[in-house]
Structures are given as structure tokens and as C-alpha cells.
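Here's the structure we're looking at; comments come further down.
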Amino acid sequence: MQQQDLAKKAAGEKAAEYVKPGMTIGLGTGSTAYYAIMRIGKLVRDGMPLRAVATSEQSEQLAKEQGIPIISFSEIDKIDLDIDGADEVDEHFRLIKGGGGALLREKIVAAASSQMIVITDESKYVKHLGRFPLPVEIIPFAWELTFKRLIALDAAPVLRTRDGRTFVTDNGNYILDCHYEKIKDPAGLHQQLNDIPGVVENGLFLHYASRLIIGYADGSVKSLSR
């Protein structure tokens, strides 16, 4: 296992320690969330009662394979604990998410959760957000006009593709990856982006994380809370 994977595994497994019997859990998406889901699956197989909702079809499939009971959103009023990764996180617990393409569902689940634990390896903990391209989910209708609006805002957008084709989210939308290098005003940018007709949501998560678990290559973790 590579050093970065060891760090992700350490963070994901540490987060699972906060899962308690009877909880409703939000399951994130991505390479670090994978390890949390695997450990939560073991808790379930060992007899812990819980139920979960997933932020992507990929995570839902993995959870079912691990024996985690997946329920419909119609069955819940709130989520006790959301465990998810991040592409970047700063010291104020502000995040960039969406590298895996699930940012809209991830934000819906985060907003419905009493607590959100963010799990990441040390490379994702940054002083300033923006080195990682900011994903912006847009509807396909007239996407070219939305693209031009973002160009006018100096976002340097790039339409996300996969295997030579336009990437389509689980919601049937496109993603524009916007290159800022350094985001000086995350709150202002968040509002500015979401005010554009055609934009569904952007990957800035500013007020959701309550705990940050950082994994290191030697298998150690650092847990920070606010």
C-alpha cells in the first residue's frame, strides 16, 4: 500500500470510531471515504445497529456490498453523523469538494447532518483554498452560456471529461472545473457562483465540517474539532 493510501486508511478508520449504535450515518464519496465505509461495514457485521444514506451511487453500492443498511431519504428527518473526504481543507475547516463528481449530493447530506467529520490525508490540508480546481455543477441546458459567464468571472473553467466524453454526474449534470490558484474570499465566491443561472451548486463547503481527521503516511492521525 502506498504512503498516501496508508494515510487515507488511517483517517477513514479513525472516523469510524465516532459511529455509535442506532445512528443514521451519511456515507461520503471518494478514496478516503472508501476506508471509512469498509470499517463501518465491519461494525455492522459485528452486530452494531445503524442505518445509512449515501452521497453517490458508487458509495451506495459499496455500502450494500459491506452489509450496511441503506435507507431512503424519505425515512429520515436528520442525519446524526456525516463522514466524507475533501479535496482541500484549510485551518478554518472550509473545504473544496467535488473531485469525485458527487458535490451536490454531498452538500445535501452535509446540510442535513448534525455533525460532519472530514477525513483526509496531510496533502489536502492547505493554508489557502484554490490550488485544487473548484468544481461547479451545472445543468446541461445551454451549458455553453454558463461556461461563458464563468470565463467572464476569470474562473478559467474546463468542462470535465472522462474517457473522452463529457462527465455526467449521478444527477445528470455537467461539471466545470474552475482554476483560481488562490481563493481570497470563499464566501463571496460561493455566492457569486450560485447566483449564475445554470449553476446548480459549487464545491465550496464553508460551514459544515465540525471535526477534521488528518491521516499521515506513518499511520498516525491528528483530530481537530471546532
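Letters A, B, ... mark the chains of the C-alpha cells in the order given; residue numbers begin at 1 per chain; ligand numbers begin at 1, in order shown.
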- Message: Residues near Val199 in chain A, anyone? I mean within 12 Å using only C-alpha atoms, not counting same-chain ones fewer than 5 positions away, as a ChimeraX atom specification.
- Response: /A:104,135-147,149-150,173-176,190-194
- Query: Any idea what's packed within 8 Å of range 36-38 of chain A, counting only C-alpha atoms, ignoring anything in its chain fewer than 2 positions away? Could you give it as a PyMOL selection string?
  - Reply: chain A and resi 9+11-16+27+32-34+40-42+62-63+66+83
Go ahead and save the picked residues with all heavy atoms, as a compact mmCIF listing (two decimals), in the first residue's frame.
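Output contents, as saved in selection-v7.txt:
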```
# COMPACT_ATOMS: atom_id res chain seq x y z
N LYS A 9 -6.29 5.54 4.81
CA LYS A 9 -6.84 4.43 5.58
C LYS A 9 -6.88 4.77 7.07
O LYS A 9 -7.87 4.52 7.77
CB LYS A 9 -6.00 3.17 5.35
CG LYS A 9 -6.53 1.90 6.01
CD LYS A 9 -5.71 0.70 5.55
CE LYS A 9 -6.29 -0.61 6.07
NZ LYS A 9 -6.10 -0.79 7.51
N ALA A 11 -7.06 7.76 8.45
CA ALA A 11 -8.09 8.77 8.70
C ALA A 11 -9.49 8.16 8.64
O ALA A 11 -10.34 8.43 9.49
CB ALA A 11 -7.96 9.91 7.69
N GLY A 12 -9.72 7.34 7.62
CA GLY A 12 -11.04 6.74 7.46
C GLY A 12 -11.41 5.83 8.60
O GLY A 12 -12.55 5.86 9.10
N GLU A 13 -10.46 5.03 9.06
CA GLU A 13 -10.75 4.11 10.15
C GLU A 13 -10.91 4.83 11.48
O GLU A 13 -11.72 4.42 12.32
CB GLU A 13 -9.65 3.05 10.22
CG GLU A 13 -9.65 2.13 8.99
CD GLU A 13 -8.67 0.99 9.09
OE1 GLU A 13 -7.81 1.02 10.00
OE2 GLU A 13 -8.76 0.06 8.27
N LYS A 14 -10.18 5.92 11.66
CA LYS A 14 -10.34 6.71 12.88
C LYS A 14 -11.74 7.32 12.94
O LYS A 14 -12.38 7.34 14.01
CB LYS A 14 -9.29 7.81 12.94
CG LYS A 14 -9.37 8.70 14.17
CD LYS A 14 -9.08 7.92 15.45
CE LYS A 14 -9.07 8.82 16.66
NZ LYS A 14 -8.83 8.05 17.92
N ALA A 15 -12.23 7.80 11.82
CA ALA A 15 -13.56 8.41 11.78
C ALA A 15 -14.64 7.43 12.19
O ALA A 15 -15.63 7.80 12.83
CB ALA A 15 -13.84 8.97 10.39
N ALA A 16 -14.46 6.18 11.82
CA ALA A 16 -15.46 5.15 12.14
C ALA A 16 -15.61 4.96 13.65
O ALA A 16 -16.64 4.45 14.11
CB ALA A 16 -15.09 3.83 11.47
N LEU A 27 -22.76 8.58 4.27
CA LEU A 27 -21.55 7.97 3.73
C LEU A 27 -21.04 8.80 2.55
O LEU A 27 -21.74 8.97 1.55
CB LEU A 27 -21.82 6.54 3.28
CG LEU A 27 -22.34 5.58 4.37
CD1 LEU A 27 -22.68 4.23 3.75
CD2 LEU A 27 -21.31 5.44 5.48
N THR A 32 -10.80 8.28 0.27
CA THR A 32 -10.66 8.24 1.72
C THR A 32 -11.94 7.74 2.37
O THR A 32 -11.90 6.94 3.32
CB THR A 32 -10.29 9.63 2.27
OG1 THR A 32 -9.19 10.16 1.52
CG2 THR A 32 -9.86 9.53 3.73
N ALA A 33 -13.09 8.17 1.86
CA ALA A 33 -14.37 7.69 2.38
C ALA A 33 -14.49 6.17 2.21
O ALA A 33 -15.15 5.50 3.02
CB ALA A 33 -15.52 8.39 1.67
N TYR A 34 -13.84 5.63 1.20
CA TYR A 34 -13.85 4.18 0.98
C TYR A 34 -13.43 3.43 2.24
O TYR A 34 -14.08 2.45 2.64
CB TYR A 34 -12.92 3.85 -0.19
CG TYR A 34 -12.57 2.38 -0.31
CD1 TYR A 34 -13.40 1.50 -1.00
CD2 TYR A 34 -11.41 1.87 0.28
CE1 TYR A 34 -13.08 0.15 -1.11
CE2 TYR A 34 -11.08 0.52 0.18
CZ TYR A 34 -11.92 -0.34 -0.52
OH TYR A 34 -11.61 -1.66 -0.62
N ILE A 40 -16.90 0.79 8.73
CA ILE A 40 -18.29 0.81 9.21
C ILE A 40 -18.99 -0.50 8.86
O ILE A 40 -19.78 -1.03 9.64
CB ILE A 40 -19.04 2.03 8.64
CG1 ILE A 40 -18.45 3.32 9.22
CG2 ILE A 40 -20.54 1.95 8.94
CD1 ILE A 40 -18.93 4.58 8.53
N GLY A 41 -18.69 -1.02 7.68
CA GLY A 41 -19.24 -2.32 7.30
C GLY A 41 -18.87 -3.40 8.29
O GLY A 41 -19.70 -4.25 8.64
N LYS A 42 -17.65 -3.38 8.77
CA LYS A 42 -17.22 -4.37 9.76
C LYS A 42 -17.98 -4.19 11.08
O LYS A 42 -18.36 -5.17 11.74
CB LYS A 42 -15.72 -4.27 10.02
CG LYS A 42 -15.17 -5.36 10.95
CD LYS A 42 -13.69 -5.28 11.13
CE LYS A 42 -13.17 -6.49 11.92
NZ LYS A 42 -13.86 -6.70 13.20
N LEU A 62 -21.04 0.18 -2.67
CA LEU A 62 -20.01 -0.33 -1.76
C LEU A 62 -20.62 -0.65 -0.40
O LEU A 62 -20.31 -1.69 0.20
CB LEU A 62 -18.88 0.68 -1.62
CG LEU A 62 -17.75 0.32 -0.64
CD1 LEU A 62 -17.04 -0.95 -1.08
CD2 LEU A 62 -16.77 1.48 -0.51
N ALA A 63 -21.47 0.24 0.10
CA ALA A 63 -22.09 0.03 1.41
C ALA A 63 -22.94 -1.23 1.42
O ALA A 63 -22.88 -2.03 2.37
CB ALA A 63 -22.94 1.24 1.78
N GLN A 66 -20.94 -4.27 1.71
CA GLN A 66 -20.39 -4.46 3.05
C GLN A 66 -21.46 -4.75 4.10
O GLN A 66 -21.15 -4.87 5.29
CB GLN A 66 -19.59 -3.21 3.46
CG GLN A 66 -18.38 -2.93 2.58
CD GLN A 66 -17.45 -4.13 2.49
OE1 GLN A 66 -17.04 -4.69 3.52
NE2 GLN A 66 -17.09 -4.53 1.28
N ILE A 83 -19.74 11.35 7.33
CA ILE A 83 -18.29 11.14 7.20
C ILE A 83 -17.93 11.24 5.73
O ILE A 83 -18.42 10.47 4.90
CB ILE A 83 -17.86 9.77 7.76
CG1 ILE A 83 -18.23 9.66 9.25
CG2 ILE A 83 -16.37 9.55 7.56
CD1 ILE A 83 -17.93 8.30 9.85
```
- Shortest contact to Ile214 in chain A, candidates A:Asp185, A:Glu88, A:Glu106, A:Asp177, atoms counted only C-alpha atoms, goes to A:Glu88
- Note on the structure: The distance between CA of Lys148 in chain A and CA of Lys182 in chain A is 20.9 Å
- Message: When you look at Lys78 in chain A with a cut-off of 9 Å (counting only C-alpha atoms), what residues show up, excluding the ones that are within fewer than 6 positions of it in the same chain? I need them as a count of residues only.
- Response: 4
- Message: I want to know what sits within 10 Å of Pro49 in chain A, based on only C-alpha atoms, with residues of the same chain fewer than 2 positions away left out; could you give that as a list in words?
- Response: Lys20, Pro21, Gly22, Met23, Thr24, Leu43, Val44, Arg45, Asp46, Gly47, Arg51, Ile68 and Pro69 of chain A
Residues just named, written with N, CA, C and O atoms as a short mmCIF file (atom, residue, chain, number, x, y, z; two decimals), in the first residue's frame:
```
data_model
loop_
_atom_site.label_atom_id
_atom_site.label_comp_id
_atom_site.auth_asym_id
_atom_site.auth_seq_id
_atom_site.Cartn_x
_atom_site.Cartn_y
_atom_site.Cartn_z
N LYS A 20 -21.77 5.41 16.49
CA LYS A 20 -22.37 4.79 17.67
C LYS A 20 -23.63 4.00 17.29
O LYS A 20 -24.29 4.32 16.29
N PRO A 21 -23.99 2.99 18.09
CA PRO A 21 -25.19 2.19 17.79
C PRO A 21 -26.44 3.05 17.66
O PRO A 21 -26.65 3.99 18.42
N GLY A 22 -27.24 2.73 16.64
CA GLY A 22 -28.51 3.41 16.44
C GLY A 22 -28.42 4.66 15.59
O GLY A 22 -29.44 5.28 15.28
N MET A 23 -27.23 5.06 15.22
CA MET A 23 -27.06 6.29 14.43
C MET A 23 -27.55 6.12 12.99
O MET A 23 -27.58 5.01 12.44
N THR A 24 -27.94 7.25 12.40
CA THR A 24 -28.13 7.35 10.96
C THR A 24 -26.90 8.05 10.41
O THR A 24 -26.58 9.17 10.83
N LEU A 43 -18.22 -2.93 11.47
CA LEU A 43 -19.00 -2.67 12.68
C LEU A 43 -20.40 -3.29 12.56
O LEU A 43 -20.91 -3.88 13.52
N VAL A 44 -20.99 -3.13 11.39
CA VAL A 44 -22.33 -3.69 11.16
C VAL A 44 -22.29 -5.21 11.22
O VAL A 44 -23.14 -5.85 11.85
N ARG A 45 -21.31 -5.79 10.57
CA ARG A 45 -21.22 -7.26 10.57
C ARG A 45 -20.92 -7.81 11.96
O ARG A 45 -21.26 -8.96 12.27
N ASP A 46 -20.30 -6.98 12.79
CA ASP A 46 -20.04 -7.39 14.17
C ASP A 46 -21.23 -7.16 15.09
O ASP A 46 -21.15 -7.41 16.30
N GLY A 47 -22.33 -6.63 14.52
CA GLY A 47 -23.56 -6.52 15.29
C GLY A 47 -24.03 -5.13 15.64
O GLY A 47 -25.06 -4.97 16.30
N ARG A 51 -28.05 2.69 10.40
CA ARG A 51 -28.56 2.79 9.03
C ARG A 51 -27.85 3.95 8.36
O ARG A 51 -27.28 4.82 9.04
N ILE A 68 -24.06 -2.79 4.96
CA ILE A 68 -24.58 -1.61 5.65
C ILE A 68 -26.01 -1.34 5.16
O ILE A 68 -26.24 -1.20 3.96
N PRO A 69 -26.98 -1.23 6.07
CA PRO A 69 -28.36 -0.97 5.65
C PRO A 69 -28.51 0.45 5.07
O PRO A 69 -28.26 1.43 5.76
#
```
- Hey, what's within 7 Å of Thr55 in chain A if we count only C-alpha atoms and toss same-chain stuff fewer than 5 positions away? As an MDAnalysis selection string, please? chainID A and resid 27:29 102 105:106 109
Run DSSP on the backbone and grab whatever in range 35-72 of chain A lands in strand (DSSP E); send it over as a short mmCIF file (atom, residue, chain, number, x, y, z; two decimals) with N, CA, C and O atoms, in the first residue's frame.
```
data_model
loop_
_atom_site.label_atom_id
_atom_site.label_comp_id
_atom_site.auth_asym_id
_atom_site.auth_seq_id
_atom_site.Cartn_x
_atom_site.Cartn_y
_atom_site.Cartn_z
N ARG A 51 -28.05 2.69 10.40
CA ARG A 51 -28.56 2.79 9.03
C ARG A 51 -27.85 3.95 8.36
O ARG A 51 -27.28 4.82 9.04
N ALA A 52 -27.89 3.98 7.04
CA ALA A 52 -27.07 4.96 6.33
C ALA A 52 -27.74 5.45 5.06
O ALA A 52 -28.61 4.78 4.49
N VAL A 53 -27.33 6.64 4.65
CA VAL A 53 -27.64 7.18 3.32
C VAL A 53 -26.31 7.46 2.64
O VAL A 53 -25.31 7.74 3.31
N ALA A 54 -26.30 7.37 1.33
CA ALA A 54 -25.04 7.52 0.60
C ALA A 54 -25.09 8.75 -0.30
O ALA A 54 -26.16 9.18 -0.74
#
```
- Message: Env of Asp5 in chain A: 10 Å cut, atoms = only C-alpha atoms, seq-sep filter 4 positions within chain, self excluded. Answer as number ranges by chain.
- Response: A: 1, 9-11, 31-32, 35, 121, 215-217, 219
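Across the structure, CA of Pro186 in chain A and CA of Ile96 in chain A are spaced 9.8 Å apart.
The coordinates place CA of Ile119 in chain A at 15.9 Å from CA of Asp218 in chain A.
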- Message: Can you tell me which residues surround Lys107 in chain A at a distance of at most 10 Å, considering only C-alpha atoms, apart from same-chain residues fewer than 6 positions away, and format the answer as a ChimeraX atom specification?
- Response: /A:55,97-98,113,201-205,208
Take the residues from that selection and write them out as a tab-separated table (two decimals), in the first residue's frame, keeping N, CA, C and O atoms.
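File written: out-v4.tsv
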```tsv
chain	number	residue	atom	x	y	z
A	55	THR	N	-23.91	9.30	-0.57
A	55	THR	CA	-23.81	10.53	-1.38
A	55	THR	C	-23.58	10.26	-2.86
A	55	THR	O	-23.48	11.20	-3.64
A	97	LYS	N	-14.72	20.41	-2.36
A	97	LYS	CA	-15.13	19.04	-2.62
A	97	LYS	C	-15.67	18.94	-4.04
A	97	LYS	O	-15.99	19.94	-4.65
A	98	GLY	N	-15.76	17.72	-4.53
A	98	GLY	CA	-16.34	17.51	-5.86
A	98	GLY	C	-15.40	16.90	-6.86
A	98	GLY	O	-15.78	16.70	-8.01
A	113	SER	N	-26.98	17.02	8.29
A	113	SER	CA	-26.29	16.27	9.34
A	113	SER	C	-26.02	17.12	10.58
A	113	SER	O	-25.67	18.29	10.48
A	201	GLU	N	-24.78	23.99	-8.12
A	201	GLU	CA	-24.08	24.10	-6.85
A	201	GLU	C	-22.59	24.12	-7.12
A	201	GLU	O	-22.14	23.72	-8.20
A	202	ASN	N	-21.82	24.63	-6.16
A	202	ASN	CA	-20.36	24.63	-6.32
A	202	ASN	C	-19.72	23.86	-5.16
A	202	ASN	O	-20.37	23.55	-4.17
A	203	GLY	N	-18.44	23.56	-5.31
A	203	GLY	CA	-17.76	22.68	-4.37
A	203	GLY	C	-17.17	23.34	-3.14
A	203	GLY	O	-16.38	22.70	-2.44
A	204	LEU	N	-17.54	24.58	-2.85
A	204	LEU	CA	-17.11	25.21	-1.61
A	204	LEU	C	-18.06	24.80	-0.48
A	204	LEU	O	-19.26	25.07	-0.53
A	205	PHE	N	-17.52	24.13	0.53
A	205	PHE	CA	-18.27	23.74	1.72
A	205	PHE	C	-17.72	24.58	2.87
A	205	PHE	O	-16.63	24.31	3.38
A	208	TYR	N	-19.88	23.45	7.24
A	208	TYR	CA	-20.42	22.13	7.54
A	208	TYR	C	-19.53	21.29	8.45
A	208	TYR	O	-20.01	20.58	9.33
```
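Residue nearest Gly100 in chain A, chosen from A:Pro133, A:Pro157, A:Gly30, A:Gly172 and counting only C-alpha atoms: A:Gly30.
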- Select from range 47-210 of chain A everything DSSP, run on the backbone, classes as helix (DSSP H, G or I), then give the selection as an NGL selection string. :A and (57-65 or 73-75 or 103-111 or 122-124 or 143-152 or 186-194)
The selected residues should be written to file as a PDB file, in the first residue's frame (atoms: C-alpha atoms).
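What landed in selection.pdb:
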```
ATOM      1  CA  GLU A  57     -24.336   5.509  -6.453  1.00  0.00           C
ATOM      2  CA  GLN A  58     -20.758   4.277  -6.076  1.00  0.00           C
ATOM      3  CA  SER A  59     -20.775   4.624  -2.291  1.00  0.00           C
ATOM      4  CA  GLU A  60     -24.246   3.115  -2.036  1.00  0.00           C
ATOM      5  CA  GLN A  61     -23.115   0.046  -3.953  1.00  0.00           C
ATOM      6  CA  LEU A  62     -20.013  -0.334  -1.762  1.00  0.00           C
ATOM      7  CA  ALA A  63     -22.090   0.033   1.406  1.00  0.00           C
ATOM      8  CA  LYS A  64     -24.551  -2.640   0.299  1.00  0.00           C
ATOM      9  CA  GLU A  65     -21.660  -4.968  -0.502  1.00  0.00           C
ATOM     10  CA  PHE A  73     -34.221   9.932   2.484  1.00  0.00           C
ATOM     11  CA  SER A  74     -37.989   9.774   2.933  1.00  0.00           C
ATOM     12  CA  GLU A  75     -37.381   7.661   6.048  1.00  0.00           C
ATOM     13  CA  LEU A 103     -20.584  17.522  -4.683  1.00  0.00           C
ATOM     14  CA  LEU A 104     -24.327  18.241  -4.914  1.00  0.00           C
ATOM     15  CA  ARG A 105     -25.409  15.118  -3.063  1.00  0.00           C
ATOM     16  CA  GLU A 106     -22.513  15.546  -0.625  1.00  0.00           C
ATOM     17  CA  LYS A 107     -23.665  19.070   0.228  1.00  0.00           C
ATOM     18  CA  ILE A 108     -27.298  17.993   0.665  1.00  0.00           C
ATOM     19  CA  VAL A 109     -26.219  15.263   3.093  1.00  0.00           C
ATOM     20  CA  ALA A 110     -23.801  17.576   4.928  1.00  0.00           C
ATOM     21  CA  ALA A 111     -26.529  20.194   5.388  1.00  0.00           C
ATOM     22  CA  GLU A 122      -1.960  15.527   5.065  1.00  0.00           C
ATOM     23  CA  SER A 123      -1.513  16.684   1.452  1.00  0.00           C
ATOM     24  CA  LYS A 124      -5.080  18.071   1.403  1.00  0.00           C
ATOM     25  CA  TRP A 143     -24.168  24.971 -20.643  1.00  0.00           C
ATOM     26  CA  GLU A 144     -22.075  26.944 -23.100  1.00  0.00           C
ATOM     27  CA  LEU A 145     -23.648  30.178 -21.822  1.00  0.00           C
ATOM     28  CA  THR A 146     -22.892  29.226 -18.227  1.00  0.00           C
ATOM     29  CA  PHE A 147     -19.340  28.444 -19.325  1.00  0.00           C
ATOM     30  CA  LYS A 148     -19.008  31.937 -20.837  1.00  0.00           C
ATOM     31  CA  ARG A 149     -20.334  33.562 -17.663  1.00  0.00           C
ATOM     32  CA  LEU A 150     -17.613  31.797 -15.687  1.00  0.00           C
ATOM     33  CA  ILE A 151     -14.954  32.886 -18.171  1.00  0.00           C
ATOM     34  CA  ALA A 152     -16.132  36.468 -17.635  1.00  0.00           C
ATOM     35  CA  PRO A 186     -14.541  31.853  -0.335  1.00  0.00           C
ATOM     36  CA  ALA A 187     -17.890  33.138   0.976  1.00  0.00           C
ATOM     37  CA  GLY A 188     -18.121  35.846  -1.672  1.00  0.00           C
ATOM     38  CA  LEU A 189     -17.158  33.456  -4.447  1.00  0.00           C
ATOM     39  CA  HIS A 190     -19.682  30.882  -3.250  1.00  0.00           C
ATOM     40  CA  GLN A 191     -22.491  33.423  -3.536  1.00  0.00           C
ATOM     41  CA  GLN A 192     -21.231  34.787  -6.838  1.00  0.00           C
ATOM     42  CA  LEU A 193     -21.144  31.336  -8.451  1.00  0.00           C
ATOM     43  CA  ASN A 194     -24.542  30.218  -7.195  1.00  0.00           C
TER      44      ASN A 194
END
```
